[in-house]
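Student: My structure is in query-v1.txt, and what it holds is compact mmCIF, C-alpha atoms and all ligand atoms:
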```txt
# COMPACT_ATOMS: atom_id res chain seq x y z
CA MET S 1 139.87 75.47 109.26
CA LYS S 2 139.64 79.24 109.69
CA VAL S 3 136.25 80.54 110.84
CA THR S 4 135.63 84.29 111.22
CA GLU S 5 132.46 86.13 112.13
CA THR S 6 131.17 88.62 109.55
CA MET S 7 129.60 92.05 110.16
CA ILE S 8 126.37 90.15 110.86
CA GLU S 9 126.56 88.45 114.25
CA GLY S 10 126.11 84.69 113.83
CA MET S 11 127.00 84.73 110.13
CA TYR S 12 130.48 83.29 109.57
CA GLN S 13 133.03 83.02 106.82
CA ILE S 14 134.90 79.74 106.50
CA LYS S 15 137.87 79.33 104.24
CA ILE S 16 137.51 76.10 102.25
CA ASP S 17 139.72 75.26 99.26
CA GLN S 18 141.08 78.83 99.23
CA LYS S 19 137.57 80.27 98.99
CA ASN S 20 135.61 82.13 101.65
CA ARG S 21 132.17 80.60 102.14
CA LEU S 22 129.31 81.91 104.28
CA ALA S 23 127.91 79.71 107.05
CA THR S 24 125.86 79.60 110.24
CA ARG S 25 126.35 77.43 113.31
CA ASN S 26 123.94 74.51 112.97
CA GLN S 27 121.30 74.54 115.72
CA VAL S 28 120.16 71.05 114.68
CA PRO S 29 123.49 69.22 114.39
CA GLY S 30 123.68 66.44 111.81
CA THR S 31 120.82 67.91 109.78
CA SER S 32 121.10 69.62 106.42
CA VAL S 33 118.03 71.61 105.28
CA TYR S 34 118.44 72.05 101.51
CA GLY S 35 121.42 69.83 100.69
CA GLU S 36 123.98 72.35 101.98
CA ARG S 37 127.33 71.04 103.19
CA LEU S 38 127.93 70.56 106.91
CA ILE S 39 131.40 71.47 108.13
CA LYS S 40 133.04 70.65 111.44
CA ALA S 41 135.40 73.29 112.80
CA ASN S 42 136.49 74.30 116.31
CA ASN S 43 134.25 71.63 117.86
CA GLU S 44 131.18 73.15 116.20
CA GLU S 45 129.10 72.18 113.21
CA TYR S 46 128.42 74.82 110.55
CA ARG S 47 126.01 74.83 107.59
CA LEU S 48 127.31 76.48 104.43
CA TRP S 49 124.97 79.29 103.31
CA ASP S 50 124.48 79.29 99.53
CA PRO S 51 124.15 82.84 98.07
CA PHE S 52 122.64 81.36 94.90
CA ARG S 53 119.75 80.06 97.03
CA SER S 54 119.38 82.95 99.49
CA LYS S 55 118.96 86.65 98.69
CA PHE S 56 120.13 87.72 102.15
CA ALA S 57 123.48 85.96 101.60
CA ALA S 58 123.58 87.34 98.04
CA ALA S 59 122.96 90.87 99.34
CA TYR S 60 125.78 90.48 101.85
CA LEU S 61 128.21 89.29 99.17
CA SER S 62 127.05 92.09 96.86
CA GLY S 63 128.52 94.50 99.40
CA MET S 64 125.37 95.88 101.03
CA LYS S 65 126.46 97.77 104.12
CA LEU S 66 123.20 98.33 105.99
CA LEU S 67 121.88 94.80 106.34
CA PRO S 68 120.50 94.67 109.87
CA GLN S 69 121.60 92.37 112.66
CA LEU S 70 119.33 89.35 113.14
CA LYS S 71 120.27 88.02 116.56
CA GLY S 72 117.49 88.47 119.13
CA LYS S 73 115.11 89.95 116.55
CA ASN S 74 111.46 89.10 116.05
CA ILE S 75 110.87 88.82 112.32
CA LEU S 76 107.85 88.72 110.03
CA TYR S 77 109.06 86.83 106.93
CA LEU S 78 106.79 86.91 103.86
CA GLY S 79 107.41 84.07 101.39
CA VAL S 80 109.29 81.52 103.52
CA SER S 81 108.90 78.75 100.92
CA THR S 82 110.55 75.54 102.19
CA GLY S 83 112.76 77.52 104.55
CA THR S 84 116.20 77.90 102.96
CA THR S 85 116.97 81.43 104.19
CA PRO S 86 114.70 81.14 107.27
CA SER S 87 116.73 78.12 108.42
CA HIS S 88 119.91 80.23 108.50
CA PHE S 89 118.07 83.05 110.29
CA SER S 90 116.86 80.40 112.75
CA ASP S 91 120.48 79.37 113.42
CA ILE S 92 121.33 82.99 114.25
CA LEU S 93 118.28 84.27 116.11
CA ASP S 94 118.87 82.90 119.58
CA ASP S 95 115.81 84.03 121.57
CA GLY S 96 114.31 85.87 118.58
CA PHE S 97 111.76 84.18 116.33
CA ILE S 98 110.25 84.23 112.85
CA TYR S 99 106.60 84.39 111.84
CA GLY S 100 106.88 82.63 108.48
CA VAL S 101 104.09 83.43 105.99
CA GLU S 102 103.62 81.26 102.90
CA PHE S 103 100.52 80.80 100.75
CA SER S 104 101.30 77.52 98.99
CA PRO S 105 100.06 74.58 101.12
CA LYS S 106 102.36 72.16 99.29
CA VAL S 107 105.48 74.22 100.03
CA MET S 108 104.26 74.94 103.55
CA ARG S 109 104.17 71.25 104.44
CA LYS S 110 108.00 71.20 104.25
CA PHE S 111 108.25 74.38 106.28
CA TYR S 112 106.03 72.81 108.99
CA ARG S 113 108.47 69.90 109.21
CA LEU S 114 111.39 72.32 109.52
CA ALA S 115 109.55 74.21 112.28
CA GLU S 116 109.09 70.97 114.23
CA GLN S 117 112.90 70.84 114.58
CA ARG S 118 113.34 74.56 115.05
CA PRO S 119 111.04 76.09 117.66
CA ASN S 120 111.91 79.68 116.69
CA LEU S 121 110.02 79.23 113.36
CA ILE S 122 106.25 79.89 113.52
CA PRO S 123 104.51 78.81 110.29
CA ILE S 124 101.51 80.81 109.06
CA LEU S 125 99.66 79.55 106.00
CA ALA S 126 98.28 82.81 104.58
CA ASP S 127 98.40 85.25 101.68
CA ALA S 128 100.79 88.16 102.31
CA ARG S 129 98.54 90.36 100.13
CA ARG S 130 95.98 90.20 102.94
CA PRO S 131 97.87 91.00 106.15
CA GLU S 132 94.62 91.43 108.08
CA GLU S 133 94.16 87.63 107.84
CA TYR S 134 96.99 86.98 110.29
CA SER S 135 96.33 89.81 112.74
CA SER S 136 95.32 87.35 115.48
CA TYR S 137 98.67 85.52 115.30
CA VAL S 138 101.23 88.23 114.63
CA PHE S 139 102.42 90.90 117.05
CA ASP S 140 104.61 93.85 116.06
CA VAL S 141 108.08 92.88 114.85
CA ASP S 142 111.57 94.43 114.73
CA LEU S 143 112.25 93.27 111.18
CA LEU S 144 110.09 92.69 108.11
CA TYR S 145 111.60 90.48 105.39
CA GLN S 146 109.88 89.91 102.06
CA ASP S 147 110.70 87.63 99.14
CA VAL S 148 107.52 87.01 97.14
CA SER S 149 107.24 86.91 93.37
CA GLN S 150 104.12 89.05 92.93
CA PRO S 151 103.22 91.98 90.66
CA GLU S 152 102.61 94.32 93.62
CA GLN S 153 105.69 93.65 95.72
CA ALA S 154 106.14 97.15 97.19
CA THR S 155 102.45 97.45 98.05
CA ILE S 156 102.44 94.08 99.84
CA PHE S 157 105.52 95.14 101.80
CA GLY S 158 104.05 98.56 102.60
CA ARG S 159 100.79 97.12 103.93
CA ASN S 160 102.59 94.61 106.13
CA ALA S 161 104.96 97.32 107.39
CA GLN S 162 101.97 99.52 108.28
CA ASP S 163 100.30 96.69 110.20
CA TYR S 164 103.23 94.90 111.85
CA LEU S 165 106.57 96.73 111.74
CA LYS S 166 107.44 98.63 114.92
CA PRO S 167 108.25 102.34 114.53
CA GLY S 168 112.02 102.50 114.03
CA GLY S 169 111.95 98.95 112.63
CA VAL S 170 113.86 97.85 109.56
CA GLY S 171 112.71 95.97 106.48
CA ILE S 172 114.43 94.01 103.75
CA ILE S 173 112.63 93.57 100.47
CA ALA S 174 113.87 91.43 97.58
CA ILE S 175 112.32 92.70 94.36
CA LYS S 176 112.06 90.54 91.26
CA SER S 177 111.53 92.87 88.31
CA GLN S 178 110.29 90.07 86.02
CA SER S 179 107.27 89.44 88.26
CA ILE S 180 106.28 93.12 88.00
CA ASN S 181 106.84 94.14 84.39
CA VAL S 182 108.86 92.20 81.82
CA ALA S 183 108.58 95.03 79.28
CA LEU S 184 110.46 97.60 81.41
CA GLU S 185 114.17 97.76 82.20
CA PRO S 186 114.75 96.30 85.69
CA GLU S 187 116.19 99.66 86.90
CA GLU S 188 112.93 101.39 85.99
CA VAL S 189 110.88 98.77 87.82
CA PHE S 190 113.10 99.11 90.94
CA SER S 191 112.75 102.88 90.89
CA LYS S 192 108.93 102.68 90.64
CA GLN S 193 108.80 100.17 93.49
CA MET S 194 110.99 102.46 95.59
CA ASN S 195 108.61 105.36 94.91
CA ILE S 196 105.68 103.27 96.12
CA LEU S 197 107.51 102.37 99.35
CA GLU S 198 108.45 106.00 100.02
CA ASN S 199 105.49 107.98 98.68
CA ASN S 200 102.57 105.63 99.38
CA PHE S 201 103.74 104.17 102.68
CA GLY S 202 106.12 106.79 104.14
CA LEU S 203 109.02 104.32 104.33
CA LYS S 204 112.61 105.36 103.75
CA VAL S 205 114.85 103.32 101.43
CA LEU S 206 118.30 103.39 103.03
CA GLU S 207 120.16 101.18 100.59
CA ASN S 208 119.42 99.53 97.29
CA SER S 209 121.50 97.05 95.30
CA THR S 210 121.14 94.52 92.54
CA ILE S 211 122.37 91.03 93.44
CA ASP S 212 123.92 89.85 90.18
CA PRO S 213 125.35 87.28 89.57
CA PHE S 214 123.49 85.41 92.31
CA GLU S 215 120.05 86.38 90.96
CA LYS S 216 119.50 88.23 87.70
CA LYS S 217 117.06 91.16 87.53
CA HIS S 218 116.60 91.27 91.30
CA ALA S 219 117.25 94.11 93.72
CA VAL S 220 117.40 94.09 97.50
CA MET S 221 116.36 97.21 99.42
CA ILE S 222 116.88 98.05 103.07
CA VAL S 223 113.96 100.09 104.33
CA LYS S 224 113.27 101.98 107.54
CA LYS S 225 109.96 102.90 109.18
CA ASP S 226 110.07 106.14 111.20
C1 LIG S 301 111.46 82.96 95.95
S1 LIG S 301 110.49 82.00 97.00
C2 LIG S 301 111.10 82.39 98.60
C3 LIG S 301 112.44 81.79 98.98
C4 LIG S 301 112.78 82.03 100.44
N1 LIG S 301 112.57 83.40 100.80
C5 LIG S 301 114.22 81.69 100.76
O1 LIG S 301 115.11 82.52 100.56
O2 LIG S 301 114.46 80.58 101.22
C6 LIG S 301 108.98 82.88 97.00
C7 LIG S 301 107.89 82.24 97.84
O3 LIG S 301 106.85 83.21 98.04
C8 LIG S 301 105.62 82.54 98.04
N2 LIG S 301 104.58 83.54 97.77
C9 LIG S 301 104.33 84.19 96.59
N3 LIG S 301 103.30 85.03 96.74
C10 LIG S 301 102.89 84.94 98.03
C11 LIG S 301 101.86 85.56 98.77
N4 LIG S 301 101.05 86.46 98.22
N5 LIG S 301 101.71 85.22 100.08
C12 LIG S 301 102.53 84.31 100.65
N6 LIG S 301 103.51 83.67 99.99
C13 LIG S 301 103.70 83.98 98.70
C14 LIG S 301 105.78 81.48 96.95
O4 LIG S 301 104.83 80.44 97.11
C15 LIG S 301 107.22 81.04 97.16
O5 LIG S 301 107.28 79.92 98.03
```
Take the structure from the file and write it as structure tokens.
Tutor:
Amino acid sequence: MKVTETMIEGMYQIKIDQKNRLATRNQVPGTSVYGERLIKANNEEYRLWDPFRSKFAAAYLSGMKLLPQLKGKNILYLGVSTGTTPSHFSDILDDGFIYGVEFSPKVMRKFYRLAEQRPNLIPILADARRPEEYSSYVFDVDLLYQDVSQPEQATIFGRNAQDYLKPGGVGIIAIKSQSINVALEPEEVFSKQMNILENNFGLKVLENSTIDPFEKKHAVMIVKKD
């Protein structure tokens, strides 16, 4: 089976049934996190990475060029849910780690169990709208990742970037237009959110793409803090 590394270190492409599929090397061999297929190749075990379940994988397959490297990074991840995307980041990170913020206790219980197997995941039960609540646990990070369905997505991201993203650090924000305003065209919502990031928080949007067909009415933006 042919395995090749992608532009993102630790993210692989495996050719299965004539199709290229994304994957990471499984750091907890024998264990699948969300029902994804495990594949043995070159004496390693890989977990297939489903772009319909992960906006990072969807952004990669949508051709985004400026997605940052993950290996060795310390990440603040807002909206970890049960850990689908974080589990793939965890496979890649090496000595980096993830502070994983989630406000639903029910969902967080699953993430706690995942973190028991994966020591580079640090669960934080908190509301990302109030970043001051986790100031005693979180130190400045290289990368801020956000995937929360809230009406004020850019403002939540901006506040967390102000408090926790290192100068020169990069952010990735997945924006769901339907959580912000169902009456506006998604493009208009994305443009307003971009204005908030740039004008209210002094962030720079480096790249911006929709991620159809993996998620409808969603955009992913790569953001830089000077
Ligand atoms: C779309 S899911 C995230 C999926 C996850 N990022 C992945 O790719 O595996 C959004 C999550 O954000 C959480 N969420 C929404 N608003 C939040 C907030 N204000 N603070 C923390 N978590 C929040 C939801 O409970 C939900 O679990």
Student: To box segment 27-39 of chain S, take all atoms listed in the file, fit an axis-aligned box, add 6 Å on each side, and give centre and edge lengths in Å to one decimal, as lines of an AutoDock Vina configuration file.
Tutor:
```
center_x = 124.7
center_y = 70.5
center_z = 108.2
size_x = 25.4
size_y = 20.1
size_z = 27.0
```
Student: Rank S:Ser209, S:Gln146, S:Ser90, S:Gln13 by their smallest atom-to-atom distance to Ala161 of chain S, using all atoms listed in the file, and report the top residue only.
Tutor: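 Looking only at the distances to Ala161 of chain S, the closest residue turns out to be S:Gln146.
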Student: Counting all atoms listed in the file, which residue out of S:Leu93, S:Val138, S:Leu48, S:Val28 sits closest to Ile8 of chain S?
Tutor: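 Of S:Leu93, S:Val138, S:Leu48, S:Val28, the one nearest Ile8 of chain S is S:Leu93, counting all atoms listed in the file.
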Student: If I take atom CA of Leu206 of chain S and atom C7 of ligand LIG 301 (chain S), how far is one from the other in Å, to one decimal?
Tutor: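 So the two atoms, atom CA of Leu206 of chain S and atom C7 of ligand LIG 301 (chain S), lie 24.1 Å apart.
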Student: What is the distance between atom CA of Asp95 of chain S and atom CA of Leu38 of chain S, in Å to one decimal?
Tutor: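 Interatomic distance, atom CA of Asp95 of chain S to atom CA of Leu38 of chain S: 23.3 Å.
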Student: Step by step, measure atom-to-atom distances between ligand LIG 301 (chain S) and each residue using only C-alpha atoms and all ligand atoms, keep those at most 7 Å, then write them as a ChimeraX atom specification.
Tutor: /S:53-55,78-86,101-104,107,126-129,147-150
Student: I'd like to know which of S:Ala183, S:Met7, S:Ile175, S:Ala115 is closest to Lys65 of chain S, using all atoms listed in the file.
Tutor: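 Between S:Ala183, S:Met7, S:Ile175, S:Ala115, the residue approaching Lys65 of chain S most closely is S:Met7.
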Student: Please identify all polymer residues lying at most 12 Å from the point (128.2, 83.1, 111.7) (file coordinates), using only C-alpha atoms, and present the result as a PyMOL selection string.
Tutor: chain S and resi 3-14+21-27+44-49+57+69-71+88-93
Student: Find, counting all atoms listed in the file, the residue in S:Phe201, S:Phe190, S:Tyr34, S:Phe97 that gets nearest to Val141 of chain S.
Tutor: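 Using all atoms listed in the file, Val141 of chain S sits closest to S:Phe97.
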Student: With all atoms listed in the file as the basis for distance, which of S:Asn74, S:Val33, S:Met64, S:Pro167 is at the shortest distance from Lys110 of chain S?
Tutor: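 Among the listed residues, S:Val33 lies closest to Lys110 of chain S.
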Student: For a quick check of understanding, using only C-alpha atoms, which of S:Gly96, S:Asp17, S:Lys204, S:Leu114 has the smallest distance to Thr31 of chain S?
Tutor: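 Using only C-alpha atoms, Thr31 of chain S sits closest to S:Leu114.
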Student: Which distance in Å separates atom CA of Pro51 of chain S and atom CA of Phe214 of chain S, to one decimal?
Tutor: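 So the answer is 6.3 Å.
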